[in-house]
>>> print(open('start14.tsv').read())   # TSV, C-alpha atoms
chain	number	residue	atom	x	y	z
A	1	MET	CA	122.98	93.52	58.74
A	2	TYR	CA	120.39	91.34	60.49
A	3	ALA	CA	122.54	91.34	63.66
A	4	ASN	CA	122.80	95.14	63.65
A	5	GLY	CA	119.03	95.47	63.41
A	6	SER	CA	118.45	93.09	66.29
A	7	ILE	CA	121.03	94.88	68.45
A	8	THR	CA	119.28	98.14	67.67
A	9	LEU	CA	115.95	96.59	68.58
A	10	MET	CA	117.36	95.23	71.85
A	11	ALA	CA	118.86	98.61	72.74
A	12	PHE	CA	115.56	100.32	71.92
A	13	LEU	CA	113.63	97.92	74.15
A	14	MET	CA	116.02	98.45	77.06
A	15	VAL	CA	115.99	102.23	76.80
A	16	SER	CA	112.21	102.39	76.41
A	17	SER	CA	111.78	100.14	79.46
A	18	LEU	CA	114.02	102.43	81.48
A	19	VAL	CA	112.12	105.52	80.32
A	20	LEU	CA	108.81	103.85	81.23
A	21	LEU	CA	110.14	103.02	84.71
A	22	VAL	CA	111.34	106.57	85.33
A	23	ALA	CA	108.08	108.05	83.98
A	24	THR	CA	106.10	105.78	86.27
A	25	LEU	CA	108.13	106.79	89.30
A	26	VAL	CA	108.26	110.52	88.62
A	27	GLY	CA	105.21	111.38	86.53
A	28	GLY	CA	102.54	109.55	88.48
A	29	ARG	CA	102.75	111.59	91.65
A	30	ARG	CA	99.70	113.51	92.68
A	31	GLY	CA	98.92	114.99	96.04
A	32	ARG	CA	96.22	113.58	98.26
A	33	LEU	CA	94.30	116.82	97.88
A	34	ASP	CA	94.35	116.56	94.06
A	35	VAL	CA	93.16	112.96	94.19
A	36	ARG	CA	90.40	113.85	96.66
A	37	LEU	CA	89.23	116.83	94.58
A	38	GLN	CA	89.10	114.70	91.44
A	39	ASP	CA	87.13	112.04	93.30
A	40	LEU	CA	84.65	114.63	94.55
A	41	SER	CA	84.24	116.33	91.17
A	42	GLY	CA	83.88	113.07	89.28
A	43	THR	CA	85.75	114.51	86.29
A	44	GLY	CA	89.00	112.68	86.56
A	45	VAL	CA	88.92	109.00	87.29
A	46	PRO	CA	92.44	107.64	87.71
A	47	VAL	CA	93.42	104.95	85.28
A	48	PRO	CA	93.63	101.67	87.23
A	49	SER	CA	96.48	100.25	85.17
A	50	GLN	CA	98.67	103.32	85.78
A	51	ALA	CA	97.92	103.32	89.49
A	52	SER	CA	98.59	99.61	89.81
A	53	MET	CA	101.83	99.91	87.79
A	54	GLU	CA	103.00	102.71	90.07
A	55	GLN	CA	102.14	100.68	93.17
A	56	LEU	CA	103.92	97.66	91.72
A	57	THR	CA	107.02	99.72	90.97
A	58	ARG	CA	107.05	101.36	94.39
A	59	ALA	CA	106.71	97.97	96.08
A	60	ALA	CA	109.17	96.06	93.89
A	61	LEU	CA	112.12	98.47	93.89
A	62	PRO	CA	112.75	98.36	97.66
A	63	ARG	CA	112.58	94.56	97.59
A	64	LEU	CA	115.05	94.46	94.71
A	65	GLY	CA	117.44	96.82	96.49
A	66	THR	CA	117.46	95.07	99.85
A	67	PRO	CA	120.16	92.50	98.88
A	68	LEU	CA	122.49	95.33	97.81
A	69	VAL	CA	122.29	97.24	101.12
A	70	PRO	CA	125.82	97.25	102.55
A	71	ASN	CA	126.34	95.14	105.66
A	72	ASP	CA	129.06	97.43	107.00
A	73	GLU	CA	127.63	100.36	108.96
A	74	THR	CA	130.24	102.82	107.65
A	75	GLU	CA	129.49	101.94	104.01
A	76	ARG	CA	125.77	102.26	104.67
A	77	THR	CA	126.29	105.63	106.34
A	78	LEU	CA	128.47	106.79	103.46
A	79	LEU	CA	125.80	105.85	100.90
A	80	GLN	CA	123.07	107.49	102.98
A	81	THR	CA	125.20	110.64	103.21
A	82	ARG	CA	125.69	110.68	99.42
A	83	LEU	CA	121.95	110.32	98.93
A	84	THR	CA	121.25	113.11	101.41
A	85	HIS	CA	123.78	115.40	99.73
A	86	ALA	CA	122.02	114.71	96.43
A	87	GLY	CA	118.69	115.76	97.94
A	88	LEU	CA	117.17	112.30	98.29
A	89	TYR	CA	115.86	112.39	101.85
A	90	GLY	CA	113.15	109.77	101.63
A	91	ARG	CA	112.90	107.01	104.17
A	92	GLN	CA	113.37	104.38	101.48
A	93	ALA	CA	115.75	106.39	99.29
A	94	MET	CA	118.62	103.95	99.80
A	95	VAL	CA	116.71	100.78	98.98
A	96	VAL	CA	114.93	102.40	96.01
A	97	PHE	CA	118.28	103.64	94.65
A	98	LEU	CA	119.78	100.20	95.12
A	99	GLY	CA	116.66	98.60	93.60
A	100	VAL	CA	117.07	100.68	90.45
A	101	LYS	CA	120.73	99.73	90.42
A	102	MET	CA	119.84	96.02	90.71
A	103	LEU	CA	117.28	96.36	87.94
A	104	LEU	CA	119.79	98.08	85.66
A	105	MET	CA	122.34	95.34	86.39
A	106	THR	CA	120.13	92.31	85.84
A	107	ALA	CA	117.56	93.38	83.25
A	108	PRO	CA	119.99	93.84	80.32
A	109	ALA	CA	121.54	90.39	80.81
A	110	LEU	CA	118.09	88.82	81.10
A	111	ILE	CA	116.83	90.63	78.00
A	112	GLY	CA	119.99	89.66	76.12
A	113	PHE	CA	119.53	86.02	77.06
A	114	LEU	CA	115.85	86.06	76.14
A	115	THR	CA	116.49	87.68	72.75
A	116	GLY	CA	119.14	85.05	72.11
A	117	PHE	CA	116.84	82.26	73.26
A	118	MET	CA	114.05	83.51	70.97
A	119	GLY	CA	116.47	83.47	68.05
A	120	LEU	CA	116.59	87.20	67.37
A	121	VAL	CA	120.34	87.26	67.97
A	122	PRO	CA	122.89	84.55	68.74
A	123	VAL	CA	122.73	83.59	72.42
A	124	THR	CA	126.39	84.41	73.08
A	125	GLN	CA	126.08	87.81	71.45
A	126	GLY	CA	122.92	88.62	73.40
A	127	VAL	CA	124.45	87.57	76.70
A	128	ILE	CA	127.69	89.49	76.02
A	129	VAL	CA	125.84	92.70	75.07
A	130	GLY	CA	123.55	92.24	78.07
A	131	ALA	CA	126.54	91.72	80.37
A	132	PHE	CA	128.22	94.89	79.12
A	133	LEU	CA	125.02	96.86	79.57
A	134	GLY	CA	124.65	95.29	83.04
A	135	ILE	CA	128.14	96.51	83.94
A	136	ALA	CA	127.13	99.97	82.75
A	137	GLY	CA	124.00	99.62	84.91
A	138	MET	CA	126.20	98.79	87.89
A	139	ILE	CA	128.37	101.88	87.46
A	140	GLY	CA	125.87	104.33	85.96
A	141	PRO	CA	123.69	105.03	89.03
A	142	SER	CA	126.77	106.01	91.06
A	143	PHE	CA	127.78	108.49	88.38
A	144	TRP	CA	124.21	109.82	88.29
A	145	LEU	CA	124.18	110.21	92.08
A	146	ASP	CA	127.50	112.06	92.09
A	147	ARG	CA	126.28	114.34	89.32
A	148	LYS	CA	123.03	115.08	91.16
A	149	LYS	CA	125.01	115.77	94.33
A	150	ALA	CA	127.35	118.17	92.51
A	151	ALA	CA	124.45	119.98	90.83
A	152	ARG	CA	122.62	120.42	94.13
A	153	GLN	CA	125.72	121.69	95.88
A	154	THR	CA	126.29	124.17	93.06
A	155	VAL	CA	122.74	125.48	93.41
A	156	LEU	CA	123.18	125.84	97.17
A	157	ARG	CA	126.56	127.51	96.75
A	158	ARG	CA	125.10	130.04	94.31
A	159	ALA	CA	122.05	130.75	96.49
A	160	LEU	CA	124.00	131.31	99.72
A	161	PRO	CA	125.05	134.96	99.08
A	162	ASP	CA	121.46	135.95	98.21
A	163	ALA	CA	120.15	134.20	101.31
A	164	LEU	CA	122.65	136.00	103.49
A	165	ASP	CA	121.74	139.35	101.90
A	166	VAL	CA	118.04	138.80	102.59
A	167	LEU	CA	118.85	137.71	106.13
A	168	VAL	CA	120.93	140.84	106.82
A	169	ILE	CA	118.30	143.15	105.29
A	170	CYS	CA	115.54	141.56	107.36
A	171	LEU	CA	117.58	141.79	110.56
A	172	GLU	CA	118.51	145.42	109.88
A	173	GLY	CA	114.84	146.17	109.19
A	174	GLY	CA	113.92	145.04	112.70
A	175	LEU	CA	112.65	141.54	112.00
A	176	SER	CA	113.50	138.88	114.56
A	177	LEU	CA	115.97	136.13	113.73
A	178	SER	CA	113.24	133.51	113.40
A	179	GLY	CA	111.20	135.83	111.18
A	180	ALA	CA	114.24	136.57	109.03
A	181	LEU	CA	114.99	132.87	108.66
A	182	ARG	CA	111.37	132.23	107.71
A	183	ARG	CA	111.60	134.98	105.07
A	184	VAL	CA	114.81	133.46	103.68
A	185	SER	CA	113.25	130.00	103.53
A	186	GLU	CA	110.25	131.40	101.63
A	187	ARG	CA	112.54	132.74	98.93
>>> encode(input="start14.tsv", output="structure tokens")
Amino acid sequence: MYANGSITLMAFLMVSSLVLLVATLVGGRRGRLDVRLQDLSGTGVPVPSQASMEQLTRAALPRLGTPLVPNDETERTLLQTRLTHAGLYGRQAMVVFLGVKMLLMTAPALIGFLTGFMGLVPVTQGVIVGAFLGIAGMIGPSFWLDRKKAARQTVLRRALPDALDVLVICLEGGLSLSGALRRVSER
């Protein structure tokens, strides 16, 4: 029973670390205008630890992902195309994606080894569980990317008939093509 509790604790620590990483990447974004208005009003002072954690994460993930960037130009283009189809257009989208993948591959094995070294679980059991979770971390981001790509394509496929209807109505109403396209992009 002691081993089951330590495995549960190790799984909890890994999942909570992943949730913290995602929350730091996604939740900490504020526009420059919002930051400037808060600075001018003096009401909201950003928490230095959150800002520094976000900066650390944004700086570390591209460095972690750099070794995983494919050397072959066709593989690199294929990955960049998959990222673009999923809606990830950022300049560093590839290295950040690969950095998360590297983190999900190495962190579970390291945590498993450390929990075994500290005596919470047997070393072999910790390393084996960490290795299996690392394999899942190697495969998981690709599944996530394919799912995000499919969801985005479904949204675009469903929105296309409405966009064409608005375009036709605007053109029949006398609006120019550029004006009709602007109206469609607003909706």
>>> atom_distance(input="start14.tsv", atom1="atom CA of Asp146 of chain A", atom2="atom CA of Ala107 of chain A")
22.9 Å
>>> residues_near_point(input="start14.tsv", point="(116.2, 87.3, 68.9)", cutoff="12 Å", atoms="all atoms listed in the file", output="list in words")
Tyr2, Ala3, Asn4, Gly5, Ser6, Ile7, Thr8, Leu9, Met10, Ile111, Gly112, Phe113, Leu114, Thr115, Gly116, Phe117, Met118, Gly119, Leu120, Val121, Pro122, Val123, Thr124, Gln125, Gly126 and Val127 of chain A
>>> residues_around(input="start14.tsv", residues="segment 152-163 of chain A", least_positions_apart="6", cutoff="9 Å", atoms="only C-alpha atoms", output="list in words")
His85, Ala86, Gly87, Val184, Ser185 and Arg187 of chain A
>>> closest_residue(input="start14.tsv", among="A:Val95, A:Leu145, A:Leu104, A:Val19", to="Gly130 of chain A", atoms="all atoms listed in the file")
A:Leu104
>>> residues_around(input="start14.tsv", residues="Met105 of chain A", least_positions_apart="6", cutoff="9 Å", atoms="only C-alpha atoms", output="list in words")
Gly130, Ala131, Leu133, Gly134, Ile135, Ala136, Gly137, Met138 and Ile139 of chain A
>>> write_last_selection(input="start14.tsv", atoms="C-alpha atoms", output="PDB file, in the frame of the given file")
ATOM      1  CA  GLY A 130     123.550  92.240  78.070  1.00  0.00           C
ATOM      2  CA  ALA A 131     126.540  91.720  80.370  1.00  0.00           C
ATOM      3  CA  LEU A 133     125.020  96.860  79.570  1.00  0.00           C
ATOM      4  CA  GLY A 134     124.650  95.290  83.040  1.00  0.00           C
ATOM      5  CA  ILE A 135     128.140  96.510  83.940  1.00  0.00           C
ATOM      6  CA  ALA A 136     127.130  99.970  82.750  1.00  0.00           C
ATOM      7  CA  GLY A 137     124.000  99.620  84.910  1.00  0.00           C
ATOM      8  CA  MET A 138     126.200  98.790  87.890  1.00  0.00           C
ATOM      9  CA  ILE A 139     128.370 101.880  87.460  1.00  0.00           C
TER      10      ILE A 139
END
>>> atom_distance(input="start14.tsv", atom1="atom CA of Leu167 of chain A", atom2="atom CA of Arg182 of chain A")
9.4 Å
>>> atom_distance(input="start14.tsv", atom1="atom CA of Phe97 of chain A", atom2="atom CA of Ala11 of chain A")
22.5 Å
>>> closest_residue(input="start14.tsv", among="A:Pro70, A:Thr84, A:Leu64, A:Met14", to="Ala150 of chain A", atoms="all atoms listed in the file")
A:Thr84
>>> closest_residue(input="start14.tsv", among="A:Ile169, A:Val69, A:Leu164, A:Leu56", to="Met102 of chain A", atoms="only C-alpha atoms")
A:Val69
>>> residues_around(input="start14.tsv", residues="segment 72-82 of chain A", least_positions_apart="5", cutoff="10 Å", atoms="all atoms listed in the file", output="PyMOL selection string")
chain A and resi 87-89+93-94+142+145-146+148-149
>>> write_last_selection(input="start14.tsv", atoms="C-alpha atoms", output="compact mmCIF listing (two decimals), in the coordinates of the input")
# COMPACT_ATOMS: atom_id res chain seq x y z
CA GLY A 87 118.69 115.76 97.94
CA LEU A 88 117.17 112.30 98.29
CA TYR A 89 115.86 112.39 101.85
CA ALA A 93 115.75 106.39 99.29
CA MET A 94 118.62 103.95 99.80
CA SER A 142 126.77 106.01 91.06
CA LEU A 145 124.18 110.21 92.08
CA ASP A 146 127.50 112.06 92.09
CA LYS A 148 123.03 115.08 91.16
CA LYS A 149 125.01 115.77 94.33
>>> closest_residue(input="start14.tsv", among="A:Ala109, A:Leu98, A:Leu83, A:Val129", to="Gly65 of chain A", atoms="all atoms listed in the file")
A:Leu98
>>> closest_residue(input="start14.tsv", among="A:Gly90, A:Gly99, A:Leu171, A:Pro141", to="Leu61 of chain A", atoms="all atoms listed in the file")
A:Gly99
